[in-house]
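Asks: Quick one: the structure is below, questions incoming.
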Amino acid sequence: MSLPSPASRRRALAILGAGLPGMALGCAPPEPPDRRLRVPLARLDASGRVEVEYGGEPAVIVRTASGLVARSLLCSHFGCRVQWEEDRQRYHCPCHEGMFDGEGRLLGGPPTRPLRALPVEVSGRDILLGER
């Protein structure tokens, strides 16, 4: 009995490898890397807020009565950075006087949309911000 030629073996391996990644070896495909930002819960300040940078933009994570929420700090009108006004409990956009409530909902000014919500969850002693 003769062994298959190297070309035949390569052709067979190419056919086997044409399936899903890892199937030729009988193992599951690798998990994609987790791209979420990991923030220690201890970074929340006394007011229950922490500002971070996620995906190249400023964001805030806030502890509320129902859990954690996160949102972009870029105004939905022109992309200027909004600022939290603790005394008024609102976000203010200094570029065109846009105003948003503590939940990121539009209060007034030229913006027509709320601040963009970001996915957030707690895992152990960390906050995970963004999509996997």
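Residue numbers start at 1 in each chain; chains themselves are named A, B, ... in the order of the structure tokens; ligands are numbered from 1 in the order shown.
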Just the residues within 8 Å of Gly102 of chain A, please, counting only C-alpha atoms, with nothing from its chain fewer than 6 positions along; format it as JSON, numbers by chain.
Replies: {"A": [89, 90, 91]}
Asks: Keeping only C-alpha atoms, write those residues as a PDB file, in the first residue's frame.
Replies:
```pdb
ATOM      1  CA  GLN A  89     -28.591  68.233  37.930  1.00  0.00           C
ATOM      2  CA  ARG A  90     -28.151  68.520  34.170  1.00  0.00           C
ATOM      3  CA  TYR A  91     -25.658  68.283  31.337  1.00  0.00           C
TER       4      TYR A  91
END
```
Asks: Quote the spacing between atom CA of Gly56 of chain A and atom CA of Leu106 of chain A in Å to one decimal place.
Replies: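 Taking atom CA of Gly56 of chain A as the start and atom CA of Leu106 of chain A as the end point, the length is 23.3 Å.
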Asks: With only C-alpha atoms as the counted atoms, please give the residues lying no more than 10 Å from Asp126 of chain A, apart from itself and same-chain residues fewer than 5 positions off, as a ChimeraX atom specification.
Replies: /A:37-43,121
Asks: Give me a file of those residues, with N, CA, C and O atoms, as a compact mmCIF listing (two decimals), in the first residue's frame.
Replies:
```
# COMPACT_ATOMS: atom_id res chain seq x y z
N LEU A 37 -14.32 48.26 28.11
CA LEU A 37 -13.43 48.95 29.04
C LEU A 37 -13.75 48.46 30.44
O LEU A 37 -14.91 48.44 30.84
N ARG A 38 -12.74 48.04 31.17
CA ARG A 38 -12.90 47.55 32.54
C ARG A 38 -12.51 48.67 33.50
O ARG A 38 -11.40 49.16 33.47
N VAL A 39 -13.47 49.06 34.34
CA VAL A 39 -13.28 50.17 35.29
C VAL A 39 -13.57 49.62 36.69
O VAL A 39 -14.66 49.09 36.91
N PRO A 40 -12.65 49.73 37.63
CA PRO A 40 -12.93 49.27 38.99
C PRO A 40 -14.12 50.02 39.59
O PRO A 40 -14.21 51.25 39.46
N LEU A 41 -15.03 49.29 40.23
CA LEU A 41 -16.17 49.93 40.90
C LEU A 41 -15.72 50.99 41.89
O LEU A 41 -16.40 51.99 42.09
N ALA A 42 -14.55 50.79 42.48
CA ALA A 42 -14.03 51.72 43.48
C ALA A 42 -13.74 53.10 42.88
O ALA A 42 -13.57 54.07 43.62
N ARG A 43 -13.70 53.22 41.54
CA ARG A 43 -13.45 54.53 40.92
C ARG A 43 -14.66 55.44 40.94
O ARG A 43 -14.54 56.64 40.66
N GLU A 121 -22.30 46.97 32.38
CA GLU A 121 -22.67 45.91 33.33
C GLU A 121 -21.60 45.79 34.40
O GLU A 121 -20.48 46.27 34.23
```
Asks: Apply DSSP to the backbone of this structure and, from chain A, keep only the residues in helix (DSSP H, G or I); write these as a list in words.
Replies: Pro6, Ala7, Ser8, Arg9, Arg10, Arg11, Ala12, Leu13, Ala14, Ile15, Leu16, Gly17, Leu41, Ala42 and Arg43 of chain A
Asks: Pull N, CA and C atoms from the residues just selected and write them as a PDB file, in the first residue's frame.
Replies:
```
ATOM      1  N   PRO A   6       2.404  14.166  -1.372  1.00  0.00           N
ATOM      2  CA  PRO A   6       2.298  15.425  -0.623  1.00  0.00           C
ATOM      3  C   PRO A   6       1.203  16.341  -1.183  1.00  0.00           C
ATOM      4  N   ALA A   7       1.031  16.377  -2.490  1.00  0.00           N
ATOM      5  CA  ALA A   7      -0.003  17.218  -3.096  1.00  0.00           C
ATOM      6  C   ALA A   7      -1.390  16.735  -2.675  1.00  0.00           C
ATOM      7  N   SER A   8      -1.591  15.432  -2.622  1.00  0.00           N
ATOM      8  CA  SER A   8      -2.880  14.884  -2.199  1.00  0.00           C
ATOM      9  C   SER A   8      -3.152  15.205  -0.738  1.00  0.00           C
ATOM     10  N   ARG A   9      -2.122  15.117   0.084  1.00  0.00           N
ATOM     11  CA  ARG A   9      -2.298  15.442   1.503  1.00  0.00           C
ATOM     12  C   ARG A   9      -2.646  16.919   1.673  1.00  0.00           C
ATOM     13  N   ARG A  10      -1.957  17.804   0.931  1.00  0.00           N
ATOM     14  CA  ARG A  10      -2.251  19.239   1.015  1.00  0.00           C
ATOM     15  C   ARG A  10      -3.686  19.531   0.574  1.00  0.00           C
ATOM     16  N   ARG A  11      -4.126  18.861  -0.513  1.00  0.00           N
ATOM     17  CA  ARG A  11      -5.478  19.058  -1.019  1.00  0.00           C
ATOM     18  C   ARG A  11      -6.503  18.603   0.034  1.00  0.00           C
ATOM     19  N   ALA A  12      -6.254  17.477   0.670  1.00  0.00           N
ATOM     20  CA  ALA A  12      -7.162  16.970   1.698  1.00  0.00           C
ATOM     21  C   ALA A  12      -7.205  17.920   2.901  1.00  0.00           C
ATOM     22  N   LEU A  13      -6.033  18.421   3.308  1.00  0.00           N
ATOM     23  CA  LEU A  13      -6.002  19.367   4.431  1.00  0.00           C
ATOM     24  C   LEU A  13      -6.704  20.673   4.080  1.00  0.00           C
ATOM     25  N   ALA A  14      -6.578  21.126   2.841  1.00  0.00           N
ATOM     26  CA  ALA A  14      -7.249  22.347   2.409  1.00  0.00           C
ATOM     27  C   ALA A  14      -8.761  22.164   2.443  1.00  0.00           C
ATOM     28  N   ILE A  15      -9.239  20.986   2.022  1.00  0.00           N
ATOM     29  CA  ILE A  15     -10.672  20.699   2.051  1.00  0.00           C
ATOM     30  C   ILE A  15     -11.156  20.658   3.495  1.00  0.00           C
ATOM     31  N   LEU A  16     -10.421  19.995   4.367  1.00  0.00           N
ATOM     32  CA  LEU A  16     -10.793  19.921   5.784  1.00  0.00           C
ATOM     33  C   LEU A  16     -10.777  21.301   6.427  1.00  0.00           C
ATOM     34  N   GLY A  17      -9.789  22.101   6.069  1.00  0.00           N
ATOM     35  CA  GLY A  17      -9.648  23.428   6.649  1.00  0.00           C
ATOM     36  C   GLY A  17     -10.632  24.440   6.097  1.00  0.00           C
ATOM     37  N   LEU A  41     -15.029  49.292  40.228  1.00  0.00           N
ATOM     38  CA  LEU A  41     -16.173  49.926  40.900  1.00  0.00           C
ATOM     39  C   LEU A  41     -15.718  50.993  41.889  1.00  0.00           C
ATOM     40  N   ALA A  42     -14.551  50.786  42.485  1.00  0.00           N
ATOM     41  CA  ALA A  42     -14.025  51.722  43.481  1.00  0.00           C
ATOM     42  C   ALA A  42     -13.744  53.105  42.879  1.00  0.00           C
ATOM     43  N   ARG A  43     -13.699  53.222  41.544  1.00  0.00           N
ATOM     44  CA  ARG A  43     -13.452  54.531  40.923  1.00  0.00           C
ATOM     45  C   ARG A  43     -14.665  55.443  40.935  1.00  0.00           C
TER      46      ARG A  43
END
```
Asks: Give the answer as one residue: which of A:Pro58, A:Pro114, A:Pro29, A:Gly104 has the shortest atom-to-atom distance to Leu74 of chain A, using only C-alpha atoms?
Replies: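 Residue with the minimum atom-to-atom distance to Leu74 of chain A: A:Pro58.
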Asks: Please measure the separation of atom CA of Glu131 of chain A and atom CA of Cys93 of chain A, giving the value in Å to one decimal.
Replies: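 Interatomic distance, atom CA of Glu131 of chain A to atom CA of Cys93 of chain A: 26.2 Å.
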Asks: Using atom CA of Gly130 of chain A and atom CA of Glu31 of chain A as the two end points, give the distance in Å to one decimal.
Replies: 17.0 Å
Asks: Could you write out, as a count of residues only, all the residues of segment 31-131 of chain A that DSSP marks as strand (DSSP E or B)?
Replies: 50
Asks: May I ask which of the residues A:Leu118, A:Leu44, A:Leu107, A:Val69 is the closest one to Glu57 of chain A, counting only C-alpha atoms?
Replies: A:Leu118
Asks: Of the candidates A:Ala117, A:Cys27, A:Ile127, A:Val60, which one gets nearest to Ser76 of chain A if we count only C-alpha atoms?
Replies: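 Going through A:Ala117, A:Cys27, A:Ile127, A:Val60 one by one, the smallest distance to Ser76 of chain A is for A:Ala117.
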Asks: Would you mind listing what lies within 6 Å of Arg49 of chain A as an MDAnalysis selection string, with only C-alpha atoms counted and same-chain residues fewer than 4 positions away left out?
Replies: chainID A and resid 44:45 61:62
Asks: Emit the selected residues as a JSON list (two decimals), in the first residue's frame, including C-alpha atoms.
Replies:
```
[["chain", "number", "residue", "atom", "x", "y", "z"],
["A", 44, "LEU", "CA", -17.04, 55.76, 41.33],
["A", 45, "ASP", "CA", -16.78, 58.97, 43.35],
["A", 61, "ILE", "CA", -20.83, 55.93, 34.24],
["A", 62, "VAL", "CA", -23.44, 56.82, 36.87]]
```
